[in-house]
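A.B. asks: Take a look at final_6.cif, mmCIF, C-alpha atoms (C1' of nucleotides):
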```cif
data_work
loop_
_atom_site.label_atom_id
_atom_site.label_comp_id
_atom_site.auth_asym_id
_atom_site.auth_seq_id
_atom_site.Cartn_x
_atom_site.Cartn_y
_atom_site.Cartn_z
CA ARG N 1 -3.94 6.86 41.55
CA LEU N 2 -0.18 6.64 41.39
CA ARG N 3 -0.45 4.04 38.62
CA LYS N 4 -2.68 6.28 36.58
CA TRP N 5 -0.28 9.15 36.97
CA ASN N 6 2.56 6.88 35.94
CA GLU N 7 0.63 5.70 32.93
CA ARG N 8 -0.07 9.21 31.78
CA PHE N 9 3.52 10.15 32.30
CA ARG N 10 4.68 7.09 30.43
CA THR N 11 2.25 7.81 27.60
CA ARG N 12 3.30 11.42 27.34
CA ASP N 13 6.92 10.43 27.50
CA SER N 14 6.54 7.77 24.82
CA LYS N 15 4.61 10.13 22.59
CA GLU N 16 7.40 12.66 22.91
CA ARG N 17 9.99 10.09 21.91
CA ASN N 18 7.70 8.95 19.09
CA LEU N 19 7.40 12.54 17.86
CA LYS N 20 11.14 13.14 18.02
CA GLN N 21 11.79 10.10 15.87
CA ALA N 22 9.04 10.98 13.41
CA LEU N 23 10.17 14.56 12.99
CA GLY N 24 13.67 13.30 12.27
CA GLU N 25 12.31 10.96 9.61
CA ILE N 26 10.14 13.67 8.08
CA ASP N 27 13.17 15.96 7.88
CA ARG N 28 15.31 13.27 6.32
CA MET N 29 12.75 12.32 3.66
CA ALA N 30 11.82 15.91 2.86
CA SER N 31 15.49 16.82 2.43
CA ALA N 32 16.11 13.80 0.22
CA GLN N 33 13.24 14.96 -1.98
CA GLY N 34 14.36 18.58 -1.93
CA LEU N 35 11.08 19.71 -0.43
CA PRO N 36 10.84 23.22 1.05
CA ASP N 37 10.56 24.02 4.77
CA ASN N 38 6.85 24.71 4.63
CA VAL N 39 6.27 21.12 3.52
CA ARG N 40 8.32 19.82 6.48
CA GLU N 41 6.31 22.02 8.78
CA THR N 42 2.99 20.90 7.34
CA ALA N 43 4.04 17.27 7.51
CA SER N 44 5.03 17.76 11.16
CA VAL N 45 1.70 19.36 11.99
CA ILE N 46 -0.15 16.46 10.38
CA TYR N 47 1.98 13.96 12.27
CA ARG N 48 1.26 15.71 15.60
CA ARG N 49 -2.45 15.52 14.87
CA ALA N 50 -2.16 11.83 14.01
CA LEU N 51 -0.37 11.26 17.29
CA ASP N 52 -2.88 13.34 19.29
CA GLU N 53 -5.80 11.49 17.75
CA ASP N 54 -4.20 8.12 18.48
CA LEU N 55 -3.78 6.99 14.90
CA LEU N 56 -0.35 5.52 15.62
CA PRO N 57 -1.23 2.33 17.49
CA GLY N 58 -1.18 -0.35 14.86
CA ARG N 59 0.90 1.62 12.34
CA SER N 60 4.60 2.19 12.08
CA ILE N 61 6.13 5.59 12.83
CA GLU N 62 7.95 5.39 9.53
CA GLY N 63 4.80 4.61 7.57
CA VAL N 64 2.81 7.48 9.08
CA SER N 65 5.76 9.90 8.73
CA THR N 66 6.06 8.99 5.07
CA SER N 67 2.33 9.51 4.51
CA CYS N 68 2.55 12.93 6.14
CA VAL N 69 5.33 13.99 3.77
CA TYR N 70 3.38 12.64 0.77
CA ALA N 71 0.24 14.53 1.85
CA ALA N 72 2.07 17.73 2.78
CA ALA N 73 3.93 17.93 -0.52
CA ARG N 74 0.64 17.67 -2.37
CA MET N 75 -1.09 20.21 -0.18
CA ALA N 76 1.77 22.65 -0.80
CA GLY N 77 1.38 22.27 -4.55
CA VAL N 78 4.76 20.56 -4.97
CA PRO N 79 3.63 16.92 -5.26
CA ARG N 80 5.96 13.96 -5.28
CA SER N 81 4.80 10.71 -6.81
CA LEU N 82 4.27 7.69 -4.62
CA ASP N 83 7.31 6.09 -6.27
CA GLU N 84 9.49 9.09 -5.46
CA ILE N 85 8.30 9.09 -1.87
CA ALA N 86 8.83 5.33 -1.60
CA ASP N 87 12.40 5.80 -2.85
CA VAL N 88 13.33 7.76 0.27
CA SER N 89 11.19 5.83 2.71
CA ARG N 90 12.01 2.69 4.61
CA VAL N 91 8.46 1.49 4.12
CA GLU N 92 7.28 -0.24 0.98
CA LYS N 93 4.97 1.46 -1.48
CA ALA N 94 1.85 -0.59 -0.73
CA GLU N 95 2.04 0.21 2.97
CA ILE N 96 2.58 3.90 2.29
CA ALA N 97 -0.51 3.95 0.08
CA ARG N 98 -2.56 2.14 2.73
CA THR N 99 -1.36 4.34 5.56
CA TYR N 100 -1.81 7.51 3.53
CA ARG N 101 -5.48 6.72 2.86
CA TYR N 102 -5.97 5.94 6.53
CA VAL N 103 -4.39 9.20 7.73
CA VAL N 104 -6.28 11.30 5.17
CA ARG N 105 -9.55 9.62 6.09
CA GLU N 106 -9.13 9.79 9.86
CA LEU N 107 -7.86 13.37 9.98
CA LYS N 108 -10.35 14.41 7.30
CA LEU N 109 -7.60 16.06 5.29
CA GLU N 110 -9.15 17.26 2.09
CA VAL N 111 -6.30 16.37 -0.20
CA LYS N 112 -7.24 16.33 -3.84
CA PRO N 113 -5.31 14.55 -6.57
CA ALA N 114 -2.22 16.40 -7.72
CA ASP N 115 -2.73 18.66 -10.72
CA PRO N 116 -0.46 17.37 -13.51
CA GLU N 117 0.71 20.95 -14.10
CA GLN N 118 2.39 20.91 -10.70
CA TYR N 119 4.87 18.28 -11.87
CA VAL N 120 5.84 20.25 -14.97
CA PRO N 121 8.34 22.78 -13.54
CA ARG N 122 10.40 20.07 -11.89
CA PHE N 123 10.44 17.74 -14.89
CA ALA N 124 11.21 20.60 -17.28
CA SER N 125 14.01 21.77 -15.05
CA ASP N 126 15.48 18.29 -14.71
CA LEU N 127 15.47 18.03 -18.49
CA GLU N 128 16.90 21.56 -18.86
CA LEU N 129 14.04 22.70 -21.04
CA SER N 130 13.18 26.33 -21.72
CA GLU N 131 10.53 28.34 -19.98
CA GLU N 132 8.67 28.39 -23.26
CA SER N 133 8.29 24.62 -23.41
CA GLU N 134 7.32 24.63 -19.76
CA MET N 135 4.49 27.01 -20.57
CA ARG N 136 3.58 24.92 -23.60
CA ALA N 137 3.36 21.80 -21.47
CA LYS N 138 1.05 23.51 -18.99
CA SER N 139 -1.11 24.81 -21.78
CA LEU N 140 -1.39 21.34 -23.29
CA LEU N 141 -2.53 20.03 -19.91
CA ARG N 142 -5.05 22.83 -19.40
CA ASN N 143 -6.58 22.13 -22.77
CA ALA N 144 -6.70 18.40 -22.13
CA LYS N 145 -8.34 18.96 -18.76
CA GLU N 146 -11.08 21.04 -20.37
CA LYS N 147 -11.68 18.22 -22.81
CA GLY N 148 -12.03 15.91 -19.85
CA VAL N 149 -9.23 13.52 -20.73
CA HIS N 150 -7.72 13.63 -17.21
CA SER N 151 -10.18 11.21 -15.58
CA GLY N 152 -8.47 8.14 -14.19
CA LYS N 153 -5.10 8.91 -15.68
CA SER N 154 -1.98 9.32 -13.60
CA PRO N 155 -1.14 13.02 -13.13
CA VAL N 156 2.52 12.04 -13.38
CA GLY N 157 2.01 10.28 -16.72
CA LEU N 158 0.06 13.22 -18.11
CA ALA N 159 2.74 15.66 -16.97
CA ALA N 160 5.52 13.55 -18.44
CA ALA N 161 3.75 13.32 -21.79
CA ALA N 162 3.02 17.06 -21.80
CA VAL N 163 6.66 17.90 -21.15
CA TYR N 164 7.74 15.54 -23.93
CA ALA N 165 5.19 16.98 -26.36
CA ALA N 166 6.10 20.56 -25.45
CA ALA N 167 9.79 19.92 -26.02
CA LEU N 168 9.07 18.60 -29.50
CA LEU N 169 6.75 21.51 -30.29
CA THR N 170 9.40 24.04 -29.31
CA ASN N 171 12.16 22.14 -31.11
CA GLU N 172 14.11 21.29 -28.00
CA LYS N 173 15.89 17.98 -27.90
CA THR N 174 14.56 15.39 -25.50
CA THR N 175 13.83 11.71 -25.81
CA GLN N 176 11.08 9.60 -24.39
CA ALA N 177 13.81 7.73 -22.56
CA ALA N 178 15.01 10.93 -20.87
CA VAL N 179 11.50 11.95 -19.83
CA SER N 180 10.83 8.40 -18.68
CA GLU N 181 13.94 8.61 -16.50
CA VAL N 182 13.07 11.87 -14.73
CA ALA N 183 9.37 11.15 -14.32
CA ASP N 184 9.68 7.42 -13.66
CA ILE N 185 6.93 6.71 -16.15
CA SER N 186 7.26 4.05 -18.86
CA GLU N 187 7.87 5.13 -22.43
CA VAL N 188 4.73 3.30 -23.46
CA THR N 189 2.63 5.44 -21.16
CA ILE N 190 4.35 8.65 -22.29
CA ARG N 191 3.57 7.72 -25.89
CA ASN N 192 -0.07 6.94 -25.13
CA ARG N 193 -0.69 10.15 -23.18
CA TYR N 194 1.29 12.14 -25.76
CA HIS N 195 -1.08 11.05 -28.53
CA GLU N 196 -4.10 11.94 -26.41
CA LEU N 197 -2.75 15.38 -25.60
CA LEU N 198 -2.12 16.13 -29.27
CA GLU N 199 -5.53 14.79 -30.20
CA ALA N 200 -7.17 17.09 -27.68
CA GLU N 201 -5.12 19.94 -29.16
CA ASP N 202 -6.10 19.09 -32.73
CA GLY N 203 -9.73 18.99 -31.73
CA LEU N 204 -9.18 22.59 -30.72
CA VAL N 205 -8.12 23.53 -34.23
CA ALA N 206 -10.38 21.24 -36.22
CA MET L 207 -32.62 5.70 -23.96
CA THR L 208 -31.16 2.60 -22.44
CA ASN L 209 -31.50 2.39 -18.74
CA PRO L 210 -28.17 1.96 -16.91
CA ALA L 211 -29.91 -0.44 -14.53
CA ASP L 212 -30.51 -2.77 -17.48
CA SER L 213 -26.77 -2.99 -18.06
CA ILE L 214 -26.13 -4.54 -14.66
CA GLU L 215 -24.31 -7.85 -14.78
CA ILE L 216 -23.49 -9.89 -11.71
CA GLN L 217 -19.81 -10.82 -11.92
CA ASN L 218 -19.19 -12.63 -8.69
CA VAL L 219 -21.13 -13.88 -5.71
CA VAL L 220 -19.49 -14.78 -2.40
CA ALA L 221 -21.42 -17.01 -0.01
CA SER L 222 -20.78 -19.05 3.10
CA THR L 223 -22.29 -22.22 4.47
CA GLY L 224 -21.37 -25.24 6.58
CA ILE L 225 -22.05 -28.97 6.58
CA GLY L 226 -22.27 -29.21 10.36
CA GLN L 227 -19.47 -31.75 10.50
CA GLU L 228 -15.72 -31.55 11.23
CA LEU L 229 -13.49 -32.56 8.36
CA ASP L 230 -10.11 -34.20 7.95
CA LEU L 231 -8.75 -31.99 5.19
CA GLU L 232 -5.62 -34.10 4.72
CA ALA L 233 -7.78 -37.11 3.85
CA LEU L 234 -10.21 -35.02 1.83
CA ALA L 235 -7.34 -33.63 -0.26
CA GLU L 236 -6.47 -37.22 -1.20
CA ASP L 237 -10.02 -38.25 -2.01
CA LEU L 238 -11.09 -35.15 -3.91
CA PRO L 239 -9.43 -35.01 -7.34
CA GLY L 240 -8.28 -31.49 -8.13
CA ALA L 241 -8.33 -30.28 -4.55
CA ASP L 242 -5.56 -27.88 -3.48
CA PHE L 243 -4.54 -27.98 0.15
CA ASN L 244 -1.46 -26.17 1.49
CA PRO L 245 -2.00 -25.87 5.24
CA ASP L 246 1.29 -23.99 5.64
CA ASN L 247 -0.06 -21.36 3.33
CA PHE L 248 -3.74 -21.22 4.11
CA PRO L 249 -5.97 -23.32 6.43
CA GLY L 250 -8.63 -23.91 3.80
CA LEU L 251 -8.77 -26.56 1.10
CA VAL L 252 -9.54 -25.14 -2.35
CA TYR L 253 -11.91 -27.01 -4.61
CA ARG L 254 -13.13 -25.75 -7.98
CA THR L 255 -16.32 -26.78 -9.78
CA GLN L 256 -16.35 -26.57 -13.57
CA GLU L 257 -20.08 -26.14 -14.19
CA PRO L 258 -21.08 -23.77 -12.84
CA LYS L 259 -17.57 -22.35 -12.51
CA ALA L 260 -16.85 -21.52 -8.91
CA ALA L 261 -14.23 -22.01 -6.22
CA ALA L 262 -14.90 -23.29 -2.73
CA LEU L 263 -12.75 -22.91 0.35
CA ILE L 264 -13.42 -25.84 2.66
CA PHE L 265 -12.35 -25.59 6.29
CA ARG L 266 -11.64 -28.12 9.01
CA SER L 267 -14.67 -26.85 10.93
CA GLY L 268 -16.90 -27.91 8.07
CA LYS L 269 -17.58 -24.30 7.09
CA ILE L 270 -17.38 -23.54 3.39
CA VAL L 271 -16.93 -20.31 1.40
CA CYS L 272 -18.03 -20.29 -2.23
CA THR L 273 -16.83 -17.58 -4.59
CA GLY L 274 -16.59 -16.94 -8.30
CA ALA L 275 -20.18 -17.88 -9.18
CA LYS L 276 -22.06 -15.59 -11.57
CA SER L 277 -25.44 -15.82 -9.84
CA ILE L 278 -27.04 -16.83 -6.59
CA ASP L 279 -28.49 -19.89 -8.35
CA ASP L 280 -24.99 -20.86 -9.45
CA VAL L 281 -23.80 -20.61 -5.85
CA HIS L 282 -26.50 -23.08 -4.81
CA GLU L 283 -25.69 -25.36 -7.72
CA ALA L 284 -21.96 -25.35 -7.08
CA LEU L 285 -22.41 -25.98 -3.37
CA GLY L 286 -24.93 -28.71 -4.15
CA ILE L 287 -22.28 -30.45 -6.23
CA ILE L 288 -19.81 -30.17 -3.37
CA PHE L 289 -22.31 -31.50 -0.83
CA GLU L 290 -22.94 -34.51 -3.06
CA LYS L 291 -19.23 -35.17 -3.52
CA LEU L 292 -18.75 -35.14 0.23
CA ARG L 293 -21.70 -37.48 0.76
CA GLY L 294 -20.18 -39.74 -1.89
CA LEU L 295 -17.09 -39.89 0.31
CA GLN L 296 -19.24 -41.11 3.23
CA ILE L 297 -19.08 -37.71 4.90
CA PRO L 298 -22.36 -36.79 6.60
CA VAL L 299 -23.74 -33.50 5.27
CA GLU L 300 -26.79 -31.74 6.74
CA ASP L 301 -29.93 -32.00 4.64
CA ASP L 302 -30.21 -28.39 3.55
CA PRO L 303 -27.26 -26.44 4.84
CA GLU L 304 -28.10 -22.76 5.15
CA ILE L 305 -26.34 -20.73 2.47
CA THR L 306 -25.69 -17.05 3.20
CA VAL L 307 -24.80 -14.62 0.43
CA GLN L 308 -22.05 -12.38 1.78
CA ASN L 309 -21.23 -10.16 -1.16
CA ILE L 310 -22.32 -9.57 -4.73
CA VAL L 311 -20.04 -7.86 -7.25
CA SER L 312 -21.74 -6.33 -10.28
CA SER L 313 -20.69 -4.17 -13.20
CA ALA L 314 -22.78 -1.67 -15.13
CA ASP L 315 -22.46 1.13 -17.65
CA LEU L 316 -23.81 4.63 -17.08
CA GLY L 317 -23.50 5.30 -20.79
CA HIS L 318 -21.62 8.60 -20.52
CA ASN L 319 -18.06 9.59 -19.77
CA LEU L 320 -17.47 10.95 -16.29
CA ASN L 321 -15.33 13.81 -15.07
CA LEU L 322 -13.95 12.13 -11.96
CA ASN L 323 -12.29 15.26 -10.59
CA ALA L 324 -15.62 17.09 -10.58
CA LEU L 325 -17.41 14.01 -9.28
CA ALA L 326 -15.01 13.67 -6.35
CA ILE L 327 -15.94 17.17 -5.20
CA GLY L 328 -19.62 16.86 -6.07
CA LEU L 329 -20.18 13.58 -4.24
CA GLY L 330 -18.34 14.93 -1.21
CA LEU L 331 -14.70 14.25 -0.41
CA GLU L 332 -15.71 12.53 2.84
CA ASP L 333 -17.34 9.63 1.01
CA VAL L 334 -14.89 9.53 -1.87
CA GLU L 335 -11.42 8.21 -2.49
CA TYR L 336 -9.89 9.17 -5.82
CA GLU L 337 -6.19 8.62 -6.31
CA PRO L 338 -5.60 8.43 -10.08
CA GLU L 339 -1.89 8.05 -9.52
CA GLN L 340 -2.57 4.73 -7.93
CA PHE L 341 -5.87 3.50 -9.34
CA PRO L 342 -8.04 4.91 -12.18
CA GLY L 343 -11.33 4.36 -10.39
CA LEU L 344 -13.10 6.73 -8.03
CA VAL L 345 -14.25 4.89 -4.90
CA TYR L 346 -17.61 6.04 -3.56
CA ARG L 347 -19.08 4.68 -0.36
CA MET L 348 -22.86 4.89 -0.59
CA ASP L 349 -25.03 4.89 2.56
CA GLU L 350 -28.28 3.53 1.14
CA PRO L 351 -27.99 0.93 -0.15
CA GLU L 352 -24.78 0.32 1.77
CA VAL L 353 -22.46 -0.55 -1.09
CA VAL L 354 -19.19 0.66 -2.54
CA ILE L 355 -19.13 1.85 -6.13
CA LEU L 356 -16.05 2.18 -8.30
CA LEU L 357 -16.63 4.75 -11.04
CA PHE L 358 -14.41 5.08 -14.09
CA GLY L 359 -13.89 7.81 -16.65
CA SER L 360 -15.60 5.69 -19.27
CA GLY L 361 -18.83 5.63 -17.29
CA LYS L 362 -18.42 1.94 -16.51
CA ILE L 363 -18.88 1.15 -12.84
CA VAL L 364 -18.49 -1.71 -10.35
CA ILE L 365 -20.87 -2.16 -7.42
CA THR L 366 -19.70 -4.31 -4.52
CA GLY L 367 -20.44 -4.92 -0.88
CA GLY L 368 -24.16 -5.61 -1.38
CA LYS L 369 -25.84 -8.80 -0.20
CA ARG L 370 -29.07 -8.61 -2.21
CA THR L 371 -29.52 -8.58 -5.98
CA ASP L 372 -31.65 -5.46 -5.54
CA ASP L 373 -28.77 -3.56 -3.95
CA ALA L 374 -27.01 -3.12 -7.28
CA GLU L 375 -30.14 -1.84 -8.99
CA GLU L 376 -30.93 0.58 -6.20
CA ALA L 377 -27.32 1.72 -6.17
CA VAL L 378 -27.28 2.39 -9.90
CA GLU L 379 -30.52 4.35 -9.70
CA GLU L 380 -29.19 6.33 -6.77
CA ILE L 381 -25.82 7.11 -8.33
CA VAL L 382 -27.40 8.16 -11.62
CA GLU L 383 -29.72 10.46 -9.68
CA ARG L 384 -26.88 11.98 -7.73
CA ILE L 385 -24.68 12.51 -10.75
CA GLU L 386 -27.55 14.01 -12.71
CA GLY L 387 -28.37 16.26 -9.78
CA LEU L 388 -24.79 17.46 -9.92
CA GLY L 389 -25.15 18.09 -13.64
CA LEU L 390 -22.19 15.84 -14.26
CA LEU L 391 -23.79 13.11 -16.36
CA GLY L 392 -23.65 13.35 -20.16
"C1'" DG D 393 -2.90 -6.92 10.12
"C1'" DC D 394 -1.79 -11.22 7.03
"C1'" DT D 395 -2.61 -15.55 4.43
"C1'" DT D 396 -6.54 -17.62 -0.06
"C1'" DT D 397 -10.64 -17.39 -3.52
"C1'" DA D 398 -13.30 -14.90 -7.31
"C1'" DA D 399 -14.66 -11.08 -10.69
"C1'" DA D 400 -15.23 -6.42 -13.00
"C1'" DA D 401 -13.51 -1.79 -14.14
"C1'" DA D 402 -8.93 1.12 -16.62
"C1'" DG D 403 -4.23 2.47 -16.12
"C1'" DT D 404 0.40 1.17 -15.86
"C1'" DA D 405 4.37 -1.94 -16.33
"C1'" DA D 406 7.23 -5.69 -17.76
"C1'" DC D 407 7.89 -9.49 -20.28
"C1'" DG D 408 8.69 -11.66 -25.17
"C1'" DT D 409 8.42 -11.37 -30.22
"C1'" DA M 410 5.12 -1.62 -31.81
"C1'" DC M 411 2.61 -5.29 -30.86
"C1'" DG M 412 0.46 -9.10 -27.55
"C1'" DT M 413 0.27 -11.31 -23.18
"C1'" DT M 414 0.40 -11.48 -18.35
"C1'" DA M 415 0.04 -9.24 -14.11
"C1'" DC M 416 -0.23 -5.84 -10.78
"C1'" DT M 417 -3.19 -1.61 -8.55
"C1'" DT M 418 -8.65 -0.84 -6.12
"C1'" DT M 419 -13.43 -2.34 -3.89
"C1'" DG M 420 -16.39 -6.04 -1.04
"C1'" DC M 421 -16.87 -10.69 1.91
"C1'" DA M 422 -16.48 -15.20 4.46
"C1'" DA M 423 -13.51 -18.86 6.40
"C1'" DA M 424 -9.13 -20.40 10.64
"C1'" DG M 425 -5.06 -19.15 12.49
"C1'" DC M 426 -0.87 -16.69 13.11
#
```
Could you write out this file's structure as structure tokens?

C.D. replies:
Amino acid sequence: RLRKWNERFRTRDSKERNLKQALGEIDRMASAQGLPDNVRETASVIYRRALDEDLLPGRSIEGVSTSCVYAAARMAGVPRSLDEIADVSRVEKAEIARTYRYVVRELKLEVKPADPEQYVPRFASDLELSEESEMRAKSLLRNAKEKGVHSGKSPVGLAAAAVYAAALLTNEKTTQAAVSEVADISEVTIRNRYHELLEAEDGLVA
Amino acid sequence: MTNPADSIEIQNVVASTGIGQELDLEALAEDLPGADFNPDNFPGLVYRTQEPKAAALIFRSGKIVCTGAKSIDDVHEALGIIFEKLRGLQIPVEDDPEITVQNIVSSADLGHNLNLNALAIGLGLEDVEYEPEQFPGLVYRMDEPEVVILLFGSGKIVITGGKRTDDAEEAVEEIVERIEGLGLLG
DNA sequence: GCTTTAAAAAGTAACGT
DNA sequence: ACGTTACTTTGCAAAGC
């Protein structure tokens, strides 16, 4: 009886320490990525659920914390790519991806793939592009989505290509190298997606 | 119209068996030309057959895993070659070791492009994993037959996890039905 | 959980030329 | 800008850490 009480106490105590550490990590990573408070809060709520539903045994606190930030950013409509998240995490990319799928599956979080348009404001801002090209980029993506060219392609790559294409269309100076730098997408991919976006646009006219 | 089920091609068959005899893999590695054995890395000895092309993992317990074969017949052929090689080395091998197919990987073509975003929602997020940022295929876990299907934007698919040849056919028929029911095919 | 084997799908990336 | 190679995902067995 006393042992059981001790065990419960120990469990509760260790979960509290676990939570403290995780919340600190979530705060640190969210800050490093410039994510708003609501994302931190959502990530914390997800982490508490993971802890309550005993998803932690077998996984690292850091890995689950990172997955919560990745999921929360997407749910809030301000997605960060897995590479960006991995940059501020202590856990390697492959483990984050594995843990993320596990958390989403176990907690039945209905997280859908990021919409490429959600990456546009940040990339456009980083490249100091006008609001007009930002709107152009989103419109290119909307058109491409209607034509069904999104399937299987990285939302980040599509967004990077759209921003590049929009800058050219509005006569603003940018290079594939600059877009590649801010989006962390290879120039080859930007070129490939760029051609597809323009093709989808031409199909509109033709 | 061509039937998607007719486009099914078996790409890989994984099977397990055993010769009912313990083996000295160190000695076997010496006697079997082309055998790879790195016990520090992996406990199994790797042996590849050329015709049919397959790879076998041979363990100290005498259990063997065969993978890479393009058909169930090829699995039997490849393992038959291995059994004979072992007998040739004076290693006693059971008369007809039982061979169990563990997994069959097949590919097929639905013949139409697929809108994976719509499909993810239509098939039900609980049975689907679709993370285009990481992998271009949509992963769908089917209940009956119990297989996993990878669906791509091109309409090409991969069926894995089945143990019978019929599983792939049933799976293709089932997925075509479900996608059509969703109005998302063609 | 990891290690090793095999094969397909399509996207992405990093080499070298 | 090519081509090549290689990595991502799925499924499975084996023995052992």

A.B. asks: For chain D, which residues have at least one atom within 12 Å of chain N, if we go by all atoms listed in the file? Write them as a ChimeraX atom specification, please.

C.D. replies: /D:393,401-406

A.B. asks: Determine the nearest neighbour of chain M from the options N:Ala30, N:Val88, N:Ala97, N:Val149, counting only C-alpha atoms (C1' of nucleotides).

C.D. replies: N:Ala97

A.B. asks: Tell me, counting all atoms listed in the file, for each residue of chain M within 12 Å of chain L, which pair of atoms is nearest and how far apart they are in Å to one decimal, in rows ordered by chain and increasing number, as CSV.

C.D. replies:
```
residue,atom,partner,partner_atom,distance
M:DC416,C1',L:Phe341,CA,11.0
M:DT417,C1',L:Phe341,CA,5.8
M:DT418,C1',L:Phe341,CA,6.1
M:DT419,C1',L:Thr366,CA,6.6
M:DG420,C1',L:Gly367,CA,4.2
M:DC421,C1',L:Asn309,CA,5.4
M:DA422,C1',L:Ser222,CA,5.9
M:DA423,C1',L:Val271,CA,6.2
M:DA424,C1',L:Pro249,CA,6.0
M:DG425,C1',L:Pro249,CA,7.4
M:DC426,C1',L:Phe248,CA,10.5
```

A.B. asks: Write out, as a compact mmCIF listing (two decimals), keeping the file's coordinate frame, the residues just selected, with C-alpha atoms (C1' of nucleotides).

C.D. replies:
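Generated file (result00.txt):
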```txt
# COMPACT_ATOMS: atom_id res chain seq x y z
C1' DC M 416 -0.23 -5.84 -10.78
C1' DT M 417 -3.19 -1.61 -8.55
C1' DT M 418 -8.65 -0.84 -6.12
C1' DT M 419 -13.43 -2.34 -3.89
C1' DG M 420 -16.39 -6.04 -1.04
C1' DC M 421 -16.87 -10.69 1.91
C1' DA M 422 -16.48 -15.20 4.46
C1' DA M 423 -13.51 -18.86 6.40
C1' DA M 424 -9.13 -20.40 10.64
C1' DG M 425 -5.06 -19.15 12.49
C1' DC M 426 -0.87 -16.69 13.11
```

A.B. asks: Show me the residues around (-21.8, -25.4, -8.2) - criterion: an atom at most 7 Å away, only C-alpha atoms (C1' of nucleotides) counted - as a VMD selection string.

C.D. replies: chain L and resid 255 257 to 260 280 to 287

A.B. asks: Check which residues satisfy the PyMOL selection byres ((chain L) within 12 of (chain N)) in the file shown, then give them as an MDAnalysis selection string.

C.D. replies: chainID L and resid 319:327 330:345 356:362 390 392

A.B. asks: Between atom CA of Ala241 of chain L and atom C1' of DA415 of chain M, what distance in Å does the model show, to one decimal?

C.D. replies: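 Between atom CA of Ala241 of chain L and atom C1' of DA415 of chain M the gap is 24.6 Å.
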
A.B. asks: Out of L:Asp237, L:Asp242, L:Glu215, L:Glu380, which residue has the shortest atom-to-atom distance to DT397 of chain D when counting only C-alpha atoms (C1' of nucleotides)?

C.D. replies: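 Checking each candidate against DT397 of chain D, we get L:Asp242 as the closest.
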
A.B. asks: Extract, using only C-alpha atoms (C1' of nucleotides), all DNA, RNA and protein residues at most 12 Å from Glu379 of chain L, discarding same-chain residues fewer than 4 positions from it, and format them as a PyMOL selection string.

C.D. replies: chain L and resi 209-214+314-316+348+350-351+365+372-375+383-386

A.B. asks: Mind giving me the straight-line distance from atom CA of Ile26 of chain N to atom CA of Ile61 of chain N in Å, one decimal?

C.D. replies: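 These two atoms are separated by 10.2 Å.
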
A.B. asks: Counting all atoms listed in the file, figure out which residue out of L:Ile305, L:Ile297, L:Ile363, L:Ala235 gets nearest to chain D.

C.D. replies: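 Checking each candidate against chain D, we get L:Ile363 as the closest.
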
A.B. asks: Write out as lines of an AutoDock Vina configuration file an axis-aligned box for segment 397-406 of chain D: all of its atoms listed in the file, 8 Å added on each side, centre and edge lengths in Å with one decimal.

C.D. replies:
```
center_x = -4.0
center_y = -7.5
center_z = -10.6
size_x = 38.5
size_y = 35.9
size_z = 30.2
```

A.B. asks: Can you list, as number ranges by chain, every protein, DNA or RNA residue that comes within 12 Å of DT413 of chain M when you count only C-alpha atoms (C1' of nucleotides), leaving out same-chain residues fewer than 3 positions away?

C.D. replies: D: 406-409

A.B. asks: Have a look at L:Thr208, L:Asn218, L:Tyr253, L:Glu236 and name the one nearest to Ile278 of chain L; count all atoms listed in the file.

C.D. replies: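 Nearest candidate to Ile278 of chain L out of L:Thr208, L:Asn218, L:Tyr253, L:Glu236: L:Asn218.
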
A.B. asks: Mind giving me the straight-line distance from atom CA of Gln118 of chain N to atom CA of Glu172 of chain N in Å, one decimal?

C.D. replies: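 Going from atom CA of Gln118 of chain N over to atom CA of Glu172 of chain N covers 20.9 Å.
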
A.B. asks: What lies within 9 Å of Tyr119 of chain N using only C-alpha atoms (C1' of nucleotides), ignoring chain neighbours under 6 positions off, as a PyMOL selection string?

C.D. replies: chain N and resi 78-80+155-156+159-160+183

A.B. asks: So, counting all atoms listed in the file, which residue among N:Arg90, N:Arg136, N:Arg17, N:Arg98 is closest to chain M?

C.D. replies: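 Of N:Arg90, N:Arg136, N:Arg17, N:Arg98, the one nearest chain M is N:Arg98, counting all atoms listed in the file.
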
A.B. asks: Taking only C-alpha atoms (C1' of nucleotides) into account, which of L:Gly240, L:Pro245, L:Gly224, L:Gly274 comes nearest chain D?

C.D. replies: L:Gly274
